[in-house]
Amino acid sequence: MKVLVAVKRVVDPSVRVRAKQDGSGVDLANVKMSINPFDEVALEQAVRLKEAGVASEVVAVSIGVREAQETLRTALAMGADRAILLEVLEGQRDIEPLSVAKLLAALVGQEQPRLVLVGKQAIDNDMNATGQMLAGLLGWAQATYASKLELAGDSAVTTQEVDGGLRKVKLKLPAVVSVDLRLNEPRYASLMNIMKAKKKPLDVKSAADFGIDVAPRLTVLKTYEPAGRKAGTKLASVDDLIQKLKSGLEVS
Amino acid sequence: MAVLLIGAVADGQLVLDTTARAAAAARQLGEVTLLIMSPNADTAAAAAAEIDEVSNVLVCEHSSFGHDMAEASAAAIVSLAPNYSHVVGPTTSAAKSILPRVAALLDVMLISDVIRIHDQATFDRPVYAGSAIQTIKSRDLVKVLTVRTSAFQAAGRNGVAEIERVHAVEDPGLSEWIEDNIAVVDRPELTSARIVVSGGRGVGSQDSFSAITRLADSLGAAVGASRAAVDAGYAPNDWQIGQTGKIVAPDVYVAIGISGAIQHLAGMKDSKVIIAINKDEEAPIFQIADYGLVADLFEVVPELTERLNGSR
Ligand SMILES: Cc1cc2nc3c(=O)[nH]c(=O)nc-3n(C[C@H](O)[C@H](O)[C@H](O)COP(=O)(O)OP(=O)(O)OC[C@H]3O[C@@H](n4cnc5c(N)ncnc54)[C@H](O)[C@@H]3O)c2cc1C
């Protein structure tokens, strides 16, 4: 069974992102970029499925600018068999989840995987949409926030993290599963595997060749910093704390 | 403008606070029709009809709706969507799973986690774990959005909306519910509580997390946790606050043994008053806390609980 994993190149989670003063966006000059942490979990799961003999091939795909090749090399070093970049132009850094889902759907048509794994959200736009959109476009079953995933015959059983706790659901394959961080702990790629990854196939295709309109539906008018909070007072004792607790509840 | 609002239903009951907050947001966009999807929707529909700002309640019953199965729910919503300019849901795990699918089927872009509505097409939403806010304008014909409930005041409960029944379209039968593992607790709901007491990795173990829950109970508070505390198994997943957990904005938020990572702050920094207890005076949480106590939580939390219980 072939598994397709979608990975996105995003600002590293340790970077403190700031809005530019002029409201034109966030300042991303020279910041560290990484594989989206949720996608890393998705990829790790696919590799484990392969190691367990359930998946036959793991294909990592990214939609992004040329530099996203680095992200795909990371995926290959972690254990993906091959990678595909659907390259977009420099001016199209922010391809919306709807367009990403359409491109992925087209690629699914070519690659015919039985399972697509994605991260539940990208930590840049925090949209939490691509997996569900892809499942909708394909007419496939979907699971979101998976913290457990088992494949058995023609179905996938997932445990999902929902508002009240956990929910177990069985999906007919083919399916799209969006994963949560607690699904697994991604491995570090060994130096040897990083070297090996350089020889694995990385196919670069032009996203434009798919003939899909990727023009954004949402225009960003302005980007600004949220109202900040200031450091307050240090308290001397539990007594003080009780008093502040009480007044905090009274004034509001 | 006509808005189709997806009501929050759990266990056959309307999740009132969540739905009432979403209703207040939806009303800013137009006349609100509240959709109740449930296997047995009567009780929830009756409660829904009382929410101010709701003009009509649509009841759609199907066995698969009890567990928020996205494929069947999305199909039902899509079949109703042609009559509306907006499809709106609260930021519940159910709506966050269903509405992107709806948006794709309608060929429109989802707008998630809206915190402010400027006009019919223009919205504010946080990005980068709340480090920045974007004002965005949609050019889609139908707008599909989720609204962050903590950013809107709940509508009142003096309404008398009409209730109407609609038929569910056929369930595509792609997925099947197996079981829920959902704890019933008699504490307030995290997203609507006035006080939230949260514990982090500093709490050290599942056993010692009871110090946090006891303090919460002495205050009538909901209990939250950092991701580190959940990952370590001290607290269940649905207590996680943050970028990838729940978003809360209570009157008072008490962070105990939590360092204050940006991903945690994303879920609580709009609280009115933030109180932090941490033994490290350099902990970043103190940079945003209104009141900080530099102390060992194992000493001060039990003392605090005892004093609060005693003073009642
Ligand atoms: C993609 C991504 C998403 C994430 N999403 C979330 C999220 O939704 N929510 C979230 O919370 N995190 C999230 N995180 C994790 C986040 O980055 C932090 O790792 C996490 O919040 C740390 O939790 P903590 O503060 O409990 O632990 P630590 O950072 O380890 O802090 C523990 C604190 O406890 C204090 N302490 C220790 N012992 C005591 C004592 N005896 N008395 C008093 N204080 C004590 C220490 O001084 C320290 O400040 C995410 C990370 C990533 C990469």
# chains A, B, ... in the order shown; residues from 1 in each chain; ligands from 1
$ closest_atom_pairs --of "chain B" --to "ligand 1" --cutoff "6 Å" --atoms "only C-alpha atoms and all ligand atoms" --output "JSON lines"
{"residue": "B:Gly200", "atom": "CA", "partner": "ligand 1", "partner_atom_place_in_ligand_line": "26 (O)", "distance": 3.2}
{"residue": "B:Arg201", "atom": "CA", "partner": "ligand 1", "partner_atom_place_in_ligand_line": "26 (O)", "distance": 3.8}
{"residue": "B:Gly202", "atom": "CA", "partner": "ligand 1", "partner_atom_place_in_ligand_line": "37 (C)", "distance": 3.4}
{"residue": "B:Ser226", "atom": "CA", "partner": "ligand 1", "partner_atom_place_in_ligand_line": "11 (O)", "distance": 3.3}
{"residue": "B:Arg227", "atom": "CA", "partner": "ligand 1", "partner_atom_place_in_ligand_line": "10 (C)", "distance": 3.9}
{"residue": "B:Ala228", "atom": "CA", "partner": "ligand 1", "partner_atom_place_in_ligand_line": "23 (O)", "distance": 4.3}
{"residue": "B:Ala229", "atom": "CA", "partner": "ligand 1", "partner_atom_place_in_ligand_line": "26 (O)", "distance": 5.5}
{"residue": "B:Gln240", "atom": "CA", "partner": "ligand 1", "partner_atom_place_in_ligand_line": "9 (N)", "distance": 5.9}
{"residue": "B:Ile241", "atom": "CA", "partner": "ligand 1", "partner_atom_place_in_ligand_line": "9 (N)", "distance": 5.0}
{"residue": "B:Gly242", "atom": "CA", "partner": "ligand 1", "partner_atom_place_in_ligand_line": "8 (O)", "distance": 3.3}
{"residue": "B:Gln243", "atom": "CA", "partner": "ligand 1", "partner_atom_place_in_ligand_line": "8 (O)", "distance": 4.1}
{"residue": "B:Thr244", "atom": "CA", "partner": "ligand 1", "partner_atom_place_in_ligand_line": "8 (O)", "distance": 3.7}
{"residue": "B:Gly245", "atom": "CA", "partner": "ligand 1", "partner_atom_place_in_ligand_line": "8 (O)", "distance": 4.3}
{"residue": "B:Gly257", "atom": "CA", "partner": "ligand 1", "partner_atom_place_in_ligand_line": "34 (O)", "distance": 3.4}
{"residue": "B:Ile258", "atom": "CA", "partner": "ligand 1", "partner_atom_place_in_ligand_line": "25 (O)", "distance": 3.4}
{"residue": "B:Ser259", "atom": "CA", "partner": "ligand 1", "partner_atom_place_in_ligand_line": "49 (O)", "distance": 3.4}
{"residue": "B:Gly260", "atom": "CA", "partner": "ligand 1", "partner_atom_place_in_ligand_line": "25 (O)", "distance": 5.4}
{"residue": "B:Ala261", "atom": "CA", "partner": "ligand 1", "partner_atom_place_in_ligand_line": "21 (O)", "distance": 4.9}
{"residue": "B:Gln263", "atom": "CA", "partner": "ligand 1", "partner_atom_place_in_ligand_line": "6 (C)", "distance": 4.6}
{"residue": "B:His264", "atom": "CA", "partner": "ligand 1", "partner_atom_place_in_ligand_line": "11 (O)", "distance": 3.8}
{"residue": "B:Asn278", "atom": "CA", "partner": "ligand 1", "partner_atom_place_in_ligand_line": "44 (N)", "distance": 3.6}
{"residue": "B:Lys279", "atom": "CA", "partner": "ligand 1", "partner_atom_place_in_ligand_line": "43 (C)", "distance": 4.0}
{"residue": "B:Asp280", "atom": "CA", "partner": "ligand 1", "partner_atom_place_in_ligand_line": "47 (O)", "distance": 4.4}
{"residue": "B:Ala283", "atom": "CA", "partner": "ligand 1", "partner_atom_place_in_ligand_line": "49 (O)", "distance": 5.1}
{"residue": "B:Ala295", "atom": "CA", "partner": "ligand 1", "partner_atom_place_in_ligand_line": "43 (C)", "distance": 5.8}
{"residue": "B:Asp296", "atom": "CA", "partner": "ligand 1", "partner_atom_place_in_ligand_line": "42 (N)", "distance": 3.6}
{"residue": "B:Leu297", "atom": "CA", "partner": "ligand 1", "partner_atom_place_in_ligand_line": "42 (N)", "distance": 3.8}
{"residue": "B:Phe298", "atom": "CA", "partner": "ligand 1", "partner_atom_place_in_ligand_line": "41 (N)", "distance": 5.7}
$ interface_residues --of "chain B" --to "chain A" --cutoff "7 Å" --atoms "only C-alpha atoms" --output "MDAnalysis selection string"
chainID B and resid 71 92:93 97 100:101 104:105 109 112 127:129 131:140 174:183 231 237:238 251:252 273 286:293 300 304
$ atom_distance --atom1 "CA of Lys269 in chain B" --atom2 "CA of Ile111 in chain B"
21.8 Å
$ atom_distance --atom1 "CA of Ala94 in chain B" --atom2 "CA of Thr149 in chain B"
13.8 Å
$ atom_distance --atom1 "CA of Val3 in chain B" --atom2 "CA of Leu190 in chain B"
27.1 Å
$ select_by_dssp --residues "range 162-266 of chain B" --states "alpha helix (DSSP H)" --output "list in words"
Phe209, Ser210, Ala211, Ile212, Thr213, Arg214, Leu215, Ala216, Asp217, Ser218, Leu219, Arg227, Ala228, Ala229, Val230, Asp231, Ile262, Gln263, His264 and Leu265 of chain B
$ residues_around --residues "range 35-44 of chain A" --least-positions-apart "5" --cutoff "10 Å" --atoms "only C-alpha atoms" --output "number ranges by chain"
A: 3-13, 49-50, 58-60, 68, 70-72, 74-76, 78-80, 116-124, 145-146, 177-188
$ write_last_selection --atoms "N, CA and C atoms" --output "short mmCIF file (atom, residue, chain, number, x, y, z; two decimals), in the first residue's frame"
data_model
loop_
_atom_site.label_atom_id
_atom_site.label_comp_id
_atom_site.auth_asym_id
_atom_site.auth_seq_id
_atom_site.Cartn_x
_atom_site.Cartn_y
_atom_site.Cartn_z
N VAL A 3 1.64 5.12 0.65
CA VAL A 3 1.21 6.20 1.54
C VAL A 3 1.82 7.52 1.06
N LEU A 4 0.98 8.51 0.90
CA LEU A 4 1.45 9.83 0.51
C LEU A 4 1.42 10.73 1.75
N VAL A 5 2.51 11.47 1.97
CA VAL A 5 2.55 12.37 3.12
C VAL A 5 2.84 13.79 2.61
N ALA A 6 1.97 14.71 2.99
CA ALA A 6 2.17 16.10 2.57
C ALA A 6 2.96 16.84 3.65
N VAL A 7 4.02 17.51 3.24
CA VAL A 7 4.83 18.24 4.21
C VAL A 7 5.00 19.69 3.77
N LYS A 8 5.01 20.59 4.75
CA LYS A 8 5.13 22.02 4.44
C LYS A 8 6.37 22.59 5.11
N ARG A 9 6.99 23.50 4.40
CA ARG A 9 8.13 24.23 4.96
C ARG A 9 7.58 25.46 5.66
N VAL A 10 7.88 25.57 6.95
CA VAL A 10 7.35 26.69 7.74
C VAL A 10 8.46 27.29 8.61
N VAL A 11 8.14 28.41 9.22
CA VAL A 11 9.05 29.01 10.18
C VAL A 11 9.22 28.03 11.35
N ASP A 12 10.44 27.86 11.80
CA ASP A 12 10.70 26.95 12.91
C ASP A 12 9.89 27.39 14.14
N PRO A 13 9.32 26.39 14.87
CA PRO A 13 8.48 26.77 16.02
C PRO A 13 9.20 27.56 17.11
N LEU A 49 4.78 2.69 9.39
CA LEU A 49 3.90 1.75 8.68
C LEU A 49 4.71 0.93 7.68
N LYS A 50 5.69 1.58 7.09
CA LYS A 50 6.53 0.84 6.14
C LYS A 50 7.39 -0.18 6.89
N VAL A 58 6.56 5.02 0.72
CA VAL A 58 6.20 6.29 1.33
C VAL A 58 6.66 7.42 0.41
N VAL A 59 5.72 8.21 -0.04
CA VAL A 59 6.04 9.31 -0.94
C VAL A 59 5.75 10.63 -0.21
N ALA A 60 6.78 11.46 -0.10
CA ALA A 60 6.59 12.77 0.54
C ALA A 60 6.36 13.81 -0.55
N ALA A 68 11.70 24.49 -0.67
CA ALA A 68 10.99 23.39 -0.01
C ALA A 68 11.66 22.05 -0.32
N GLU A 70 14.57 21.40 0.52
CA GLU A 70 15.27 21.08 1.77
C GLU A 70 14.36 20.28 2.70
N THR A 71 13.12 20.73 2.78
CA THR A 71 12.14 20.05 3.63
C THR A 71 11.94 18.62 3.15
N LEU A 72 11.90 18.45 1.84
CA LEU A 72 11.71 17.10 1.29
C LEU A 72 12.95 16.24 1.54
N THR A 74 14.76 16.44 4.16
CA THR A 74 14.57 16.01 5.55
C THR A 74 13.64 14.80 5.59
N ALA A 75 12.56 14.88 4.83
CA ALA A 75 11.59 13.78 4.79
C ALA A 75 12.26 12.50 4.27
N LEU A 76 13.10 12.65 3.27
CA LEU A 76 13.80 11.48 2.71
C LEU A 76 14.78 10.91 3.73
N MET A 78 14.42 11.01 6.86
CA MET A 78 13.65 10.32 7.91
C MET A 78 13.12 8.98 7.44
N GLY A 79 13.13 8.75 6.13
CA GLY A 79 12.73 7.42 5.68
C GLY A 79 11.76 7.37 4.50
N ALA A 80 11.34 8.52 3.98
CA ALA A 80 10.49 8.48 2.78
C ALA A 80 11.29 7.87 1.63
N VAL A 116 -3.48 9.03 2.69
CA VAL A 116 -2.75 10.29 2.68
C VAL A 116 -2.66 10.77 4.13
N LEU A 117 -1.45 11.05 4.58
CA LEU A 117 -1.27 11.58 5.94
C LEU A 117 -0.83 13.04 5.84
N VAL A 118 -1.44 13.88 6.67
CA VAL A 118 -1.05 15.29 6.74
C VAL A 118 -1.01 15.71 8.21
N GLY A 119 -0.32 16.80 8.50
CA GLY A 119 -0.36 17.37 9.84
C GLY A 119 -1.70 18.07 10.04
N LYS A 120 -2.16 18.17 11.28
CA LYS A 120 -3.49 18.75 11.47
C LYS A 120 -3.51 20.26 11.20
N GLN A 121 -2.39 20.91 11.37
CA GLN A 121 -2.34 22.32 11.01
C GLN A 121 -0.91 22.69 10.68
N ALA A 122 -0.76 23.77 9.94
CA ALA A 122 0.57 24.31 9.69
C ALA A 122 0.76 25.42 10.70
N ILE A 123 1.94 25.47 11.33
CA ILE A 123 2.09 26.42 12.42
C ILE A 123 2.34 27.85 11.95
N ASP A 124 2.26 28.09 10.63
CA ASP A 124 2.33 29.48 10.18
C ASP A 124 0.92 30.10 10.10
N TYR A 145 -6.99 15.12 13.86
CA TYR A 145 -6.38 15.05 15.21
C TYR A 145 -6.07 13.63 15.64
N ALA A 146 -5.54 12.80 14.74
CA ALA A 146 -5.29 11.41 15.11
C ALA A 146 -4.14 11.30 16.10
N VAL A 177 -5.91 11.19 6.67
CA VAL A 177 -5.84 11.30 8.13
C VAL A 177 -4.94 12.48 8.49
N SER A 178 -5.48 13.41 9.28
CA SER A 178 -4.64 14.52 9.76
C SER A 178 -4.22 14.20 11.19
N VAL A 179 -2.95 14.38 11.47
CA VAL A 179 -2.39 13.83 12.70
C VAL A 179 -2.07 14.90 13.73
N ASP A 180 -2.13 14.48 15.00
CA ASP A 180 -1.80 15.35 16.11
C ASP A 180 -0.41 14.99 16.64
N LEU A 181 0.12 15.85 17.48
CA LEU A 181 1.51 15.65 17.93
C LEU A 181 1.70 14.40 18.77
N ARG A 182 0.65 13.96 19.45
CA ARG A 182 0.82 12.82 20.35
C ARG A 182 0.79 11.47 19.65
N LEU A 183 0.68 11.46 18.32
CA LEU A 183 0.67 10.19 17.59
C LEU A 183 1.99 9.45 17.75
N ASN A 184 3.08 10.19 17.72
CA ASN A 184 4.39 9.54 17.86
C ASN A 184 5.45 10.60 18.15
N GLU A 185 6.65 10.12 18.38
CA GLU A 185 7.78 11.01 18.60
C GLU A 185 8.70 10.85 17.38
N PRO A 186 8.76 11.84 16.50
CA PRO A 186 9.56 11.67 15.29
C PRO A 186 11.04 11.42 15.59
N ARG A 187 11.65 10.59 14.77
CA ARG A 187 13.06 10.26 14.95
C ARG A 187 13.96 11.39 14.44
N TYR A 188 15.18 11.38 14.89
CA TYR A 188 16.19 12.24 14.27
C TYR A 188 16.82 11.46 13.15
#
$ residues_around --residues "Ala154 in chain B" --least-positions-apart "4" --cutoff "10 Å" --atoms "only C-alpha atoms" --output "list in words"
Leu16, Asp17, Thr18, Thr19, Ala20, Arg21, Ala22, Ala23, Ala24, Ala25, Ile51, Asp52, Thr149, Ser150 and Ser192 of chain B
$ write_last_selection --atoms "C-alpha atoms" --output "PDB file, in the first residue's frame"
ATOM      1  CA  LEU B  16     -25.244  26.359  25.200  1.00  0.00           C
ATOM      2  CA  ASP B  17     -22.423  28.773  25.976  1.00  0.00           C
ATOM      3  CA  THR B  18     -20.448  27.802  22.877  1.00  0.00           C
ATOM      4  CA  THR B  19     -23.483  28.047  20.617  1.00  0.00           C
ATOM      5  CA  ALA B  20     -24.661  31.331  22.158  1.00  0.00           C
ATOM      6  CA  ARG B  21     -21.244  32.915  21.604  1.00  0.00           C
ATOM      7  CA  ALA B  22     -21.154  31.724  18.004  1.00  0.00           C
ATOM      8  CA  ALA B  23     -24.711  33.038  17.541  1.00  0.00           C
ATOM      9  CA  ALA B  24     -23.667  36.498  18.690  1.00  0.00           C
ATOM     10  CA  ALA B  25     -20.827  36.448  16.172  1.00  0.00           C
ATOM     11  CA  ILE B  51     -30.990  31.883  22.059  1.00  0.00           C
ATOM     12  CA  ASP B  52     -31.387  35.566  21.195  1.00  0.00           C
ATOM     13  CA  THR B 149     -15.883  31.536  20.880  1.00  0.00           C
ATOM     14  CA  SER B 150     -13.717  33.124  23.584  1.00  0.00           C
ATOM     15  CA  SER B 192     -16.720  28.889  29.401  1.00  0.00           C
TER      16      SER B 192
END
$ closest_residue --among "A:Ala77, A:Val88, A:Ala106, A:Val100" --to "Ala197 in chain A" --atoms "only C-alpha atoms"
A:Ala77
